[in-house]
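Chemist: First the structure, then my questions, so here it is.
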Amino acid sequence: MTLVKVRDLVVRAGGRVISSVPVLDVEPGRCVAIVGESGSGKTTALMATLGLLDTAEVTGEIGVCGVDVATASPRRLREMRGARAALVMQSPRAALTPTMRLGTLMRRALARHGVTGREAARRAEDAVAAVLLDPALLARYPHEVSGGQAQRFAIALAIALGAEVILADEPTSALDVTVQAEVVGVLRRLRDERGLALLLVSHDLALVSSVADHVLVMRDGAVVESGPAAEVFARPRDPYTRELIAAVPELPEATP
Amino acid sequence: MARYLARRLGQAALVVAGVIALTFVVTRLVPGDPAVAYAGPKASPAELAAARARFGLDDSVPAQLLAYVRDLLSGDWGTSLHTRRPVALDLATAFPASLELVGAALLAAVVIGVPVGGLAARHRGRGPDLGVRVCSVLAVSVPVFWLALAVQTVFASNLGWFPVAGEYDNALDATSPLHVYTNITVVDAAITGNWPMLTSTLSHLVLPALVVAAYPAGLIAQMTRAALIEEAGHDHARMARALGFGETAVLTRFALRPALNPVLSLIALVFAYSVVNGFLVEAVFNWPGLGRYAADSIRSLDTPAIAGVTLLVALLYVLANLVVDLFQGVIDPRARAR
Amino acid sequence: MTTLALRRTPLRRLGDLARADVLAAVGLVVLVLIVLAALLAPWIAPYPDDGGAATHPAEALLPPGGDHWFGTDQVGRDVLSRVLFGARTSLFIAAAVLVVAAVAGVALGVVAGYAGGWARDVIMRITDVFLAFPALLLSLALAVVLQPSVTTVVVAIAVTWWPWYARLTASVAASVGRRGYIDAARCLGVPAPLIIVRHVLPNSLTPVLVQLSLDGGGVILTAAALSYLGLGAHEPTAEWGLMVEQGQTLFTTDWWVVTFPGLAILVTAFAFNVLGEGLRASLDPHRRPR
């Protein structure tokens, strides 16, 4: 089953098209990346996919885990968010409520989706272990953990809730280089071991080339190129894509 | 934390020093001779001289200021000209009643203001939001003494739902006399299990407390709305939505606690203001607090008493600000780290 | 060119505001009406003499009706006429207080913000001290030691109100002073007063305007409270707070004597507040709703 299926998505704000994606499919266990510079509309497309843009006008067909985002009831949307498709944001610590311990957030999120008691504890433990996080961190507040830890915790939330696809918005750009590798490693391992799908938004081509199976290149709100990652990086057709790739001094080989 | 505390205390001490100096200046602006006011117009020169010596009016101004500060620190806040008792003692009996009134009012203001502000934030830009906005601006625009008169006339005099004036039914002094511990009648009645007194005081408290609550409730509603809307736009609120929480849950379970921070600071700012607003309400409802004491002092041009009231309220303001700054650490763990 | 644009912007913004914020527009209209009522009171009041010391014992305490829309007070004066004349007193107090407070506060604030250093520290600590007193309290203490009169009210309230303007202007002046082109101007030898007049004051204009509008309501309420306590205007001056005080024992029997002056205070303060809030929302870029 296709986890994320987007057709003819157009997002307008004040009458102007700020983001449009004609075709986007994310299959289980695959990683699709949207690349482009900031302002190219890639984050907007991501948020529209979860139905989380309330100020802009969204048209087109968006299916996430079998839920039609455009027509589904608010209730069905809420049941889908988190539990089936999870979000990982750019600034990991800002994405966590400052007055809430990580464990409390985990517990509340699980309870929101009907998981409580011993089952909740078991899932939390498993998820925290899966992202190689020290369980003691659950007793801390967001400002007491590092950016990398916070980001891995956000991923742990997705795991605990049983998400099938993670929508990650620049998940590493706010992190140090070594920590970036850590987070990428966790994401890649989850994909390989648990078949988790990933919709990745990033301007970091090195990151994208190392994890993505499929790449969409966006510029000024439109997709200028789309294709298998290896092909796009080896033989970019669009001049803008060539420019982007040329701007990165050396793209590391994708590690198996 | 310790350095933050020290700096904060230093600032507060500086403001207190300035407040004392300013109060001193105001008391020296009095036209006429306080000695005459104290000794009376028919006093003999000897009596006048004694009064002058007593108030230290023959000393130089810096010496007077020094003496003033020394006396304040040793608990001597001067002698009231109209009650002829130490001002500190007068304040100690009048203030608890005011605290009772303002405390009840602020409690009511929070209980009303926060949910109402939340309602406006939940439905921002729509009907309830506009309604809350109109009501909250009305609440901060209404002259409190007029509101007190209107509420008293309608709900006490005409409808008879609540007592017209006073702190409790005076007949209870004979039947259920109160053991005084804190001078706050509600508290004393509660801890001594004096139920007739407690219910009487509470019913007397309702109208004046609600009138005093109008202004802070309006401000708190506006502030809560603004703070909630701001928090709801932050990343962590978007994350909560992405975790499947609905808008109401995002506001109440995620945005509310961080949003309470500015609301708390507001309560400190509005506390001293409410004490003074309470003066006017106390006058209408004949509540035996600072306001009535201040009103009597004003009528008799009782400078030491007025200076005492002024100083007390200013000190309360400084203290309330300090407490809230420190208390914020409890609400917001980020402040603790600072 | 620049100055022209600066002068026109607030006006043009006022037009945008009326469209965007109905409530603020209502406030503006009401305020204009109140100002007109105050200016034209001698001509539009049905009984202009009743704004002063006239008495008509035979017509005392008539309920609202055809001849007296708001009824008459305890000495037979037309309440509507007195409410209209009261607008003069209240608006005069508000205008005088705000002008004095804003001029003094802006001057000190500019010095504090632009000069920085110890001058800033001293001025800001002094404002801290003044801000520790609720406005009504310090005005009350001052009004007691001075003689009760309208002038006393103006002085007493202005003394408590200037620190807000000092703080506001100091922060604007400090932020303007840090801008690159100001540094450049200073290096080129442009004298400080010129920099202040050309750059700091125009930048302070908008926040000060907003603050003035927001404070109008507070000043009116404080002045009314002082008069109510007998520390402000006195007979036969028509003043809303004083009218409430004079009629307060009549509320149960002759409600109109107290109700209309009180409503006048409420409506005026409300108009100032909604206008000020609307101005702040539309003029202050930091607070514009996203």
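Labels used: A, B, ... for chains in the order of the structure tokens, numbers from 1 for residues in each chain, and numbers from 1 for ligands as shown.
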Compute the chain B side of the contact with chain C at 7 Å, counting only C-alpha atoms, and hand it back as a short mmCIF file (atom, residue, chain, number, x, y, z; two decimals) with N, CA and C atoms, in the first residue's frame.

Modeler:
data_model
loop_
_atom_site.label_atom_id
_atom_site.label_comp_id
_atom_site.auth_asym_id
_atom_site.auth_seq_id
_atom_site.Cartn_x
_atom_site.Cartn_y
_atom_site.Cartn_z
N VAL B 15 14.78 49.87 44.60
CA VAL B 15 13.45 50.45 44.39
C VAL B 15 12.82 50.82 45.74
N GLY B 18 14.17 54.01 46.97
CA GLY B 18 13.58 55.12 46.24
C GLY B 18 12.14 55.39 46.68
N VAL B 19 11.41 54.31 46.93
CA VAL B 19 10.01 54.44 47.35
C VAL B 19 9.94 55.18 48.69
N VAL B 26 6.87 63.37 49.58
CA VAL B 26 5.45 63.70 49.50
C VAL B 26 4.95 64.22 50.85
N LEU B 29 5.60 67.77 51.47
CA LEU B 29 4.96 68.76 50.60
C LEU B 29 3.73 69.37 51.25
N VAL B 30 3.35 68.79 52.40
CA VAL B 30 2.10 69.23 53.02
C VAL B 30 2.14 70.72 53.31
N PRO B 31 1.12 71.44 52.82
CA PRO B 31 1.05 72.84 53.20
C PRO B 31 0.62 72.91 54.66
N VAL B 137 -12.70 44.58 27.59
CA VAL B 137 -12.40 46.02 27.55
C VAL B 137 -13.39 46.79 28.42
N LEU B 138 -14.65 46.36 28.42
CA LEU B 138 -15.64 46.98 29.31
C LEU B 138 -15.19 46.84 30.76
N SER B 141 -12.62 49.24 31.64
CA SER B 141 -13.00 50.64 31.41
C SER B 141 -14.03 51.14 32.42
N VAL B 142 -14.59 50.24 33.20
CA VAL B 142 -15.68 50.68 34.07
C VAL B 142 -15.10 51.36 35.31
N PRO B 143 -15.65 52.54 35.68
CA PRO B 143 -15.20 53.16 36.93
C PRO B 143 -15.62 52.30 38.10
N TRP B 146 -18.32 53.36 40.64
CA TRP B 146 -19.67 53.36 40.05
C TRP B 146 -20.22 51.95 39.94
N THR B 153 -26.61 48.45 44.65
CA THR B 153 -28.01 48.84 44.52
C THR B 153 -28.86 47.69 43.98
N ALA B 272 -1.17 45.27 43.39
CA ALA B 272 -1.15 46.54 44.11
C ALA B 272 -2.23 47.47 43.55
N TYR B 273 -2.39 47.42 42.24
CA TYR B 273 -3.42 48.24 41.60
C TYR B 273 -4.80 47.89 42.17
N VAL B 276 -5.51 49.30 45.58
CA VAL B 276 -5.93 50.70 45.53
C VAL B 276 -7.34 50.83 44.96
N ILE B 298 -7.58 60.77 54.64
CA ILE B 298 -7.67 61.85 53.67
C ILE B 298 -8.54 62.97 54.24
N LEU B 301 -6.69 64.95 56.72
CA LEU B 301 -5.35 65.36 56.27
C LEU B 301 -4.26 64.75 57.15
N ILE B 306 -1.43 58.58 55.72
CA ILE B 306 -1.44 58.45 54.26
C ILE B 306 -0.08 57.95 53.76
N THR B 310 0.54 54.58 51.64
CA THR B 310 1.25 54.67 50.36
C THR B 310 2.47 53.76 50.35
N ALA B 314 3.15 50.38 48.03
CA ALA B 314 4.31 50.35 47.13
C ALA B 314 5.21 49.17 47.47
N TYR B 317 3.80 46.09 46.14
CA TYR B 317 4.02 45.98 44.70
C TYR B 317 5.40 45.38 44.42
N VAL B 318 6.40 45.94 45.10
CA VAL B 318 7.77 45.45 44.90
C VAL B 318 7.86 43.97 45.28
#

Chemist: Using 6 Å as the limit and counting only C-alpha atoms, can you tabulate each residue of chain A that touches chain B, with its shortest atom-to-atom distance in Å and the two atoms involved, as a Markdown table?

Modeler:
| residue | atom | partner | partner_atom | distance |
| --- | --- | --- | --- | --- |
| A:Arg78 | CA | B:Gly244 | CA | 4.2 |
| A:Glu79 | CA | B:Gly244 | CA | 5.9 |
| A:Arg81 | CA | B:Gly244 | CA | 4.6 |
| A:Gly82 | CA | B:Leu243 | CA | 4.0 |
| A:Ala94 | CA | B:Asp235 | CA | 5.8 |
| A:Ala95 | CA | B:His236 | CA | 4.0 |
| A:Leu96 | CA | B:His236 | CA | 4.8 |
| A:Thr97 | CA | B:His236 | CA | 5.1 |
| A:Thr99 | CA | B:Asp332 | CA | 5.8 |

Chemist: Residues near segment 107-117 of chain C, anyone? I mean within 9 Å using only C-alpha atoms, not counting same-chain ones fewer than 5 positions away, as a PyMOL selection string.

Modeler: chain C and resi 102+122-124+163+165-177+192+196+200-201

Chemist: Just want the 9 Å neighbourhood of segment 6-17 of chain A, counted on only C-alpha atoms, with same-chain residues fewer than 6 positions away dropped. Output as an MDAnalysis selection string.

Modeler: chainID A and resid 23:25 41 44:45 48:49 55:64 221:222

Chemist: Using DSSP on the backbone, list every residue of segment 62-187 of chain A that comes out as strand (DSSP E or B), and give them as a list in words.

Modeler: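 Going through segment 62-187 of chain A, the strand (DSSP E or B) residues come out as Ile62, Gly63, Val64, Val67, Asp68, Arg81, Ala85, Ala86, Leu87, Val88, Val165, Ile166, Leu167, Ala168 and Asp169 of chain A.
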
Chemist: Can you tell me which residues surround Val186 of chain B at a distance of at most 12 Å, considering only C-alpha atoms, apart from same-chain residues fewer than 6 positions away, and format the answer as number ranges by chain?

Modeler: B: 96-101, 103-104, 167-168, 178-180, 192-205

Chemist: Give me the residues near Ser146 of chain A as a PyMOL selection string, where near means some atom within 10 Å (using only C-alpha atoms) and where sequence neighbours in that chain fewer than 3 positions away do not count.

Modeler: chain A and resi 92-93+142-143+149-152+175+179

Chemist: Restrict the selected residues to C-alpha atoms and save them as a PDB file, in the first residue's frame.

Modeler:
ATOM      1  CA  PRO A  92      14.183  19.561  17.911  1.00  0.00           C
ATOM      2  CA  ARG A  93      13.937  21.264  21.290  1.00  0.00           C
ATOM      3  CA  PRO A 142      13.367  19.678  26.792  1.00  0.00           C
ATOM      4  CA  HIS A 143      15.886  22.357  27.796  1.00  0.00           C
ATOM      5  CA  GLN A 149      18.702  13.707  22.028  1.00  0.00           C
ATOM      6  CA  ALA A 150      15.568  15.759  21.483  1.00  0.00           C
ATOM      7  CA  GLN A 151      15.486  14.787  17.810  1.00  0.00           C
ATOM      8  CA  ARG A 152      15.936  11.112  18.613  1.00  0.00           C
ATOM      9  CA  LEU A 175      22.331  19.809  14.686  1.00  0.00           C
ATOM     10  CA  VAL A 179      25.009  14.479  15.865  1.00  0.00           C
TER      11      VAL A 179
END

Chemist: Using only C-alpha atoms, determine which residues lie at most 10 Å from Gly75 of chain B, disregarding the query and same-chain residues fewer than 5 positions distant; provide the list as a PDB file with N, CA and C atoms, in the first residue's frame.

Modeler:
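This is the output file out_5.pdb:
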ATOM      1  N   VAL B  69      13.915  56.999  57.953  1.00  0.00           N
ATOM      2  CA  VAL B  69      14.318  55.654  57.542  1.00  0.00           C
ATOM      3  C   VAL B  69      14.582  54.790  58.777  1.00  0.00           C
ATOM      4  N   ARG B  70      15.286  55.379  59.751  1.00  0.00           N
ATOM      5  CA  ARG B  70      15.616  54.632  60.965  1.00  0.00           C
ATOM      6  C   ARG B  70      14.323  54.175  61.655  1.00  0.00           C
ATOM      7  N   PRO B  86      -0.244  54.213  66.776  1.00  0.00           N
ATOM      8  CA  PRO B  86       0.862  54.021  65.825  1.00  0.00           C
ATOM      9  C   PRO B  86       0.296  53.605  64.462  1.00  0.00           C
ATOM     10  N   VAL B  87       0.815  54.214  63.406  1.00  0.00           N
ATOM     11  CA  VAL B  87       0.329  53.893  62.063  1.00  0.00           C
ATOM     12  C   VAL B  87       0.542  52.412  61.763  1.00  0.00           C
ATOM     13  N   ALA B  88       1.690  51.869  62.180  1.00  0.00           N
ATOM     14  CA  ALA B  88       1.988  50.464  61.900  1.00  0.00           C
ATOM     15  C   ALA B  88       0.895  49.567  62.470  1.00  0.00           C
ATOM     16  N   LEU B  89       0.416  49.918  63.657  1.00  0.00           N
ATOM     17  CA  LEU B  89      -0.625  49.128  64.301  1.00  0.00           C
ATOM     18  C   LEU B  89      -1.939  49.242  63.531  1.00  0.00           C
TER      19      LEU B  89
END

Chemist: Identify which of the residues B:Leu81, B:Val140, B:Leu91, B:Leu159 lies closest to Asp215 of chain C, counting only C-alpha atoms when measuring atom-to-atom distances.

Modeler: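 Of all the options, B:Val140 lies closest to Asp215 of chain C.
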
Chemist: Check segment 73-184 of chain B with DSSP on the backbone and list each residue it calls alpha helix (DSSP H), as an MDAnalysis selection string.

Modeler: chainID B and resid 73 87:122 127:141 144:151 172:175

Chemist: Hey, can you check how far atom CA of Gly162 of chain A sits from atom CA of Gly147 of chain A?

Modeler: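 According to the coordinates, atom CA of Gly162 of chain A and atom CA of Gly147 of chain A are separated by 23.0 Å.
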
Chemist: For Glu243 of chain A, which of A:Glu37, A:Gly103, A:Tyr141, A:Val88 is the closest residue, counting only C-alpha atoms?

Modeler: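 Closest to Glu243 of chain A, using only C-alpha atoms: A:Glu37.
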